[in-house]
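As structure tokens, the structure follows; a few thoughts come after it.
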Amino acid sequence: MGEEARKSIAGLLYDGILSAQDWYEGLDAIRATLGAGVFDYLTVSTAESHVLDSVDNQGDVGLYADKLLEYKNHYMGRDLRMAVLARMPVGRVMLDHEHISAREMSRNEVYADFLRVHGFQHTLAALVRDDPDSRDYLGFLRSVDHAPYGAGERALMGRVMPHLRRAATLRARAGQLGRQAALGLAALDTLPQALAVVDAQCRIQYTNPAAGRLLEGFSALHVRHGRLQCGDAQAHAQFAQHVARACGCEGVRTAGAQSLAGNDRRLVVTMLPLKASHAASAHWQVPLALVILTDPAGVTGLRPELVGEILGLSPAEVRLALLLTSGKTVKDFAVLQGCTVNTARTHLTSLMHKTGCHRQVELTGLLQSLRLG
Amino acid sequence: MQRRTKTIAGLLYDGVLSPSDWYSAMDAFNRAVGGFKFHQLAVDHQLGTITDSVASGGADDAEAVATYERHYAMTDERLPVVMGLRQGEFMLDHEHFSARDMSRSAIYAEWLASLGMKHTMVLMQRVDGPLQQYVGFMRHVDQRPFGEADRRLAQQLMPDLLRAARLRAQARPLARQAALGVAALDTLPQGVAVVDAQGRIHHANAAAGRLLAQFGSMSVRHGRLQCRDGASQARWQALVAAACGGGVETVAAAGAMQPAGGLQRLVVTVLPLKAHHVVALRQEPMALVVLADPDAPCGLTPGLLADMLGLSPTEARLALLLTSGKTVKDFAAIQGCTVNTARAHLAHLLHKTGCRRQVELVRLLQSLRMV
């Protein structure tokens, strides 16, 4: 392998940190240089030794996903090659015939029943990454009629190995970052609370779908040129000041709240300083604020059947609980229900007993915390 | 030489995801070419803003960089030359400016000289539309101009520098998104966790840890969220399975419960995690778990409330207790003070908030609620 070929492989591997296609091509280029038929790059969890991720070219040579699955479910635990690799340091190249005798191979079901059946035998493999959570193994398989690997292939692999190890570590870290980003945004998107993240100039960095729904058609606060803006100039001045304070523009970062009255309803807006999370905070220089929008009109979002199911209430008790939470009285309930006040009181007693609440305000708290769903 | 370029290239790639390694790479590069100081800039020519700046040295240098960006950048005669560079090209200043030019220039004679710097080599790392990113290495005022050996070293490292700079630019939005999501979740008052169908925790925010420790009816064991009480555990597993779409019905469904056996009541809501992000999560369906304290219905903590209304910690605790239906006597018992002291706290609290009656105070706190 010339200097140019090595550089090209290293380049593909580094590009593969963020691109699955380049990672595949980098590994496939090593495979071609080694004169192997198949490569398989396995990420295995350390704790439960199950396969987290796999990159391979087996589809290209007629080994399809079900075959691979068969290997991972059935053969991997009995694979002599994995046992050898487990004892070797990270980055050391293993040629299987140096560790496993022909006799052992012929008796081992992975060699005899799996590899041989698919026309493969010789393996060059290495552990390329090892951290507390997961390990990456890379293997190259030659067909049965091919000669075993020798010193030339070992040297060649040795030259690529520093790049491979560095790129594998970075790829794992980027993957973790990608999962973290996806998980965090999915969680924020799923929350029923309306949320936005803004900078000190009220420029929107993120809004969740609930915020979009709440702001739709709301005249007192809207999105304009990528910023949150109040309809009323005086209200906006106050809003902007709260946001600036939460971002620490006046020294200490403090939380604030404001009530905004629109054409048809009122929203309460709370601004909190966004907690800069340890290591991740290095990735932005600007302080940000979390804006939470709530509709003080009460428990309208609660599904009665859900309340009944969770608290074990009858339909009449659910109706009473929801009415009380929205600020109505037991007498109001009697009128709406068409029953006597005494009957209504009986419902109330039973409701308080079932929920374990002693005061109506406790009941309100319980129902409000259900509203999060 | 070979060894040194390898080390620098390694640092450059490590710097794709790590700001400190990126700094180390620039610093090592600078030293390898005999530079005294370095400054790497990313400039958006369309918006006229600097989007990234990494410079050698500590706080003094940061101030110098800010002064340069504000006062000297407009008249810097090196910049037109730099802006004309294509990606991968570089310039050695003495090839563009004579000794006479330099002695007459404000940048060289005043600015750079005042900082003990003179000769400059600039490498164009990345050109992406209106965005240019380049790094400048500056030699000490007594040193000779950059020469052939430095040119060769820069040429040798250029492919790695270009690739690493591109990867770093690509990774930044990802890192930013991850940081923003984590920070927003950590700021929320309620506990939020993401679990898979087996109850394994994939993410939990700061409040979730606090609430679990405080309430005791749920705990984390071997990375899984579980209930202490047997019947509650069965219900919890069913809720998580349903939210992950793995129950009898194939449609993911939301539900809620109050696990038994804790020190205080805890309301747990389980929702299907929005599917469009799940692709990145190895196609595994997951559930969002929201933990809420029904006795703190506003989602307000004493610290937050004190912050918003300018209260002392004690007054904030009193205000929250009153809002959850407790009395001034209850507060005295919890606080371990006399009822008279508690009444004094209440008087201060009402005065500070401008409320005349307790019911007004409760209404005020309810209007501040975040959930």
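Within each chain, counting starts at residue 1; across the structure tokens, chains are named A, B, ... in the order shown, with ligands numbered 1 upward in that order.
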Please list as a PyMOL selection string every residue within 7 Å of stretch 244-259 of chain A, counting only C-alpha atoms and excluding residues in the same chain fewer than 6 positions away.
(chain A and resi 200+267-273+287-289) or (chain B and resi 304+307-308+368)
The selected residues should be written to file as a JSON list (two decimals), in the first residue's frame (atoms: C-alpha atoms).
```
[["chain", "number", "residue", "atom", "x", "y", "z"],
["A", 200, "ALA", "CA", -31.01, 37.82, 25.27],
["A", 267, "LEU", "CA", -51.21, 33.48, 28.93],
["A", 268, "VAL", "CA", -48.73, 33.43, 31.78],
["A", 269, "VAL", "CA", -45.12, 33.56, 30.57],
["A", 270, "THR", "CA", -42.28, 32.44, 32.84],
["A", 271, "MET", "CA", -38.64, 33.11, 31.97],
["A", 272, "LEU", "CA", -35.93, 30.98, 33.56],
["A", 273, "PRO", "CA", -32.13, 31.15, 33.13],
["A", 287, "PRO", "CA", -26.47, 32.70, 27.67],
["A", 288, "LEU", "CA", -30.03, 31.61, 26.91],
["A", 289, "ALA", "CA", -33.42, 31.71, 28.62],
["B", 304, "LEU", "CA", -37.33, 30.06, 42.00],
["B", 307, "ASP", "CA", -36.01, 34.81, 42.82],
["B", 308, "MET", "CA", -39.19, 35.94, 41.09],
["B", 368, "LEU", "CA", -47.04, 32.00, 38.24]]
```
All residues 10 Å or closer to B:Arg200, only C-alpha atoms, same chain fewer than 5 positions away omitted, as a count of residues only:
11
Interface, chain A side, toward chain B (6 Å; only C-alpha atoms) as a list in words:
Arg179, Gln180, Ala181, Ala182, Gly184, Leu185, Ala186, Thr190, Ala255, Gly256, Leu274, Lys275, Ala276, Ser277, Ala280, His283, Ile310, Val361, Gly365, Leu366, Ser369 and Gly373 of chain A
What's around stretch 26-29 of chain A at 7 Å? Count only C-alpha atoms, leave out sequence neighbours fewer than 5 positions away in its own chain, and write the answer as a VMD selection string.
chain A and resid 9 12 to 13
Between A:Ser54, A:Thr329, A:Ser219, A:Gln241, which one has atoms that come closest to A:Arg265, using only C-alpha atoms?
A:Ser219
Interatomic distance, atom CA of A:Leu127 to atom CA of A:Met94 (Å, one decimal)
9.0 Å
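Note that the spacing between atom CA of B:Val82 and atom CA of B:Met121 amounts to 9.8 Å.
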Please list as a PyMOL selection string every residue within 12 Å of B:His351, counting only C-alpha atoms and excluding residues in the same chain fewer than 3 positions away.
chain B and resi 309-311+315+344-348+354-358+360-361
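For the pair atom CA of B:Leu212 and atom CA of A:Leu290, the separation is 23.7 Å.
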Near-B:Gly147 list (12 Å; only C-alpha atoms; drop same-chain fewer than 2 positions) as a PyMOL selection string:
chain B and resi 33-35+91-95+119-121+139+143-145+149-154
Just the residues within 8 Å of stretch 168-171 of chain A, please, counting only C-alpha atoms, with nothing from its chain fewer than 2 positions along; format it as a VMD selection string.
(chain A and resid 16 to 18 128 to 129 136 164 to 166 173 to 175) or (chain B and resid 14 17)
Counting only C-alpha atoms, the residue among A:Val341, A:Ala167, A:Ala334, A:Met161 that lies closest to B:Leu12 is A:Ala167
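Residues in contact range of A:Gly77, defined as at most 12 Å between only C-alpha atoms, with sequence neighbours fewer than 3 positions away removed, read Val44, Glu48, Ser49, His50, Val51, Glu70, Tyr71, Lys72, Asn73, His74, Leu80, Arg81, Met82, Ala83, Ala86, Asn108, Glu109 and Val110 of chain A.
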Between B:Thr5, B:Gly88, B:Ala66, B:Thr314, which one has atoms that come closest to B:Cys337, using only C-alpha atoms?
B:Thr314
Which of stretch 84-311 of chain B counts as strand (DSSP E or B) under DSSP, as number ranges by chain please?
B: 90-92, 117-128, 131-140, 191-196, 200-204, 218-221, 224-227, 255-257, 267-272, 286-292
Could you write out the selected residues, including C-alpha atoms, as a PDB file, in the first residue's frame?
```
ATOM      1  CA  PHE B  90      -1.870  30.487   2.509  1.00  0.00           C
ATOM      2  CA  MET B  91       0.104  33.705   2.600  1.00  0.00           C
ATOM      3  CA  LEU B  92       3.427  34.736   4.133  1.00  0.00           C
ATOM      4  CA  MET B 117       4.371  40.612  17.245  1.00  0.00           C
ATOM      5  CA  LYS B 118       5.288  41.139  13.624  1.00  0.00           C
ATOM      6  CA  HIS B 119       5.482  38.623  10.792  1.00  0.00           C
ATOM      7  CA  THR B 120       2.302  36.772   9.914  1.00  0.00           C
ATOM      8  CA  MET B 121       1.410  33.580   8.103  1.00  0.00           C
ATOM      9  CA  VAL B 122      -2.272  32.960   7.337  1.00  0.00           C
ATOM     10  CA  LEU B 123      -3.839  29.644   6.277  1.00  0.00           C
ATOM     11  CA  MET B 124      -7.304  29.577   4.737  1.00  0.00           C
ATOM     12  CA  GLN B 125      -8.990  26.608   6.413  1.00  0.00           C
ATOM     13  CA  ARG B 126     -12.469  26.780   5.064  1.00  0.00           C
ATOM     14  CA  VAL B 127     -14.543  28.742   2.567  1.00  0.00           C
ATOM     15  CA  ASP B 128     -18.251  27.999   2.604  1.00  0.00           C
ATOM     16  CA  LEU B 131     -18.142  32.157   5.428  1.00  0.00           C
ATOM     17  CA  GLN B 132     -14.358  32.204   5.682  1.00  0.00           C
ATOM     18  CA  GLN B 133     -12.364  30.523   8.399  1.00  0.00           C
ATOM     19  CA  TYR B 134      -8.636  31.106   8.664  1.00  0.00           C
ATOM     20  CA  VAL B 135      -5.831  30.915  11.169  1.00  0.00           C
ATOM     21  CA  GLY B 136      -3.018  33.418  11.525  1.00  0.00           C
ATOM     22  CA  PHE B 137       0.346  32.646  13.140  1.00  0.00           C
ATOM     23  CA  MET B 138       2.296  35.693  14.307  1.00  0.00           C
ATOM     24  CA  ARG B 139       6.021  35.707  15.028  1.00  0.00           C
ATOM     25  CA  HIS B 140       7.768  37.676  17.717  1.00  0.00           C
ATOM     26  CA  GLY B 191     -38.864  15.405  36.508  1.00  0.00           C
ATOM     27  CA  VAL B 192     -38.456  14.182  32.922  1.00  0.00           C
ATOM     28  CA  ALA B 193     -36.985  10.841  31.869  1.00  0.00           C
ATOM     29  CA  VAL B 194     -36.823   8.926  28.599  1.00  0.00           C
ATOM     30  CA  VAL B 195     -37.087   5.139  28.964  1.00  0.00           C
ATOM     31  CA  ASP B 196     -37.278   2.220  26.538  1.00  0.00           C
ATOM     32  CA  ARG B 200     -34.103   1.376  30.903  1.00  0.00           C
ATOM     33  CA  ILE B 201     -33.321   5.062  31.408  1.00  0.00           C
ATOM     34  CA  HIS B 202     -31.785   6.730  28.349  1.00  0.00           C
ATOM     35  CA  HIS B 203     -31.943  10.228  29.745  1.00  0.00           C
ATOM     36  CA  ALA B 204     -33.089  11.811  32.993  1.00  0.00           C
ATOM     37  CA  MET B 218     -39.748   4.713  42.566  1.00  0.00           C
ATOM     38  CA  SER B 219     -36.048   4.022  42.225  1.00  0.00           C
ATOM     39  CA  VAL B 220     -33.353   3.280  39.671  1.00  0.00           C
ATOM     40  CA  ARG B 221     -31.843  -0.185  39.701  1.00  0.00           C
ATOM     41  CA  ARG B 224     -33.931   0.772  35.044  1.00  0.00           C
ATOM     42  CA  LEU B 225     -36.678   2.864  36.566  1.00  0.00           C
ATOM     43  CA  GLN B 226     -38.944   0.760  38.785  1.00  0.00           C
ATOM     44  CA  CYS B 227     -41.581   0.923  41.535  1.00  0.00           C
ATOM     45  CA  GLY B 255     -51.322   6.884  30.801  1.00  0.00           C
ATOM     46  CA  ALA B 256     -50.642   7.960  34.362  1.00  0.00           C
ATOM     47  CA  MET B 257     -50.405   6.492  37.847  1.00  0.00           C
ATOM     48  CA  VAL B 267     -47.826  11.506  39.964  1.00  0.00           C
ATOM     49  CA  VAL B 268     -46.181   9.689  37.059  1.00  0.00           C
ATOM     50  CA  THR B 269     -47.337  10.317  33.510  1.00  0.00           C
ATOM     51  CA  VAL B 270     -46.088   8.127  30.659  1.00  0.00           C
ATOM     52  CA  LEU B 271     -46.308   9.374  27.044  1.00  0.00           C
ATOM     53  CA  PRO B 272     -45.142   7.920  23.722  1.00  0.00           C
ATOM     54  CA  MET B 286     -39.345   4.965  23.709  1.00  0.00           C
ATOM     55  CA  ALA B 287     -41.548   6.592  26.331  1.00  0.00           C
ATOM     56  CA  LEU B 288     -41.393   9.978  27.995  1.00  0.00           C
ATOM     57  CA  VAL B 289     -41.932   9.835  31.749  1.00  0.00           C
ATOM     58  CA  VAL B 290     -42.997  12.976  33.596  1.00  0.00           C
ATOM     59  CA  LEU B 291     -42.693  12.985  37.399  1.00  0.00           C
ATOM     60  CA  ALA B 292     -44.718  15.630  39.208  1.00  0.00           C
TER      61      ALA B 292
END
```
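Using only C-alpha atoms, the smallest distance between any of A:Asp22, A:Leu348, A:Arg103, A:Val93 and A:Pro162 comes from A:Val93.
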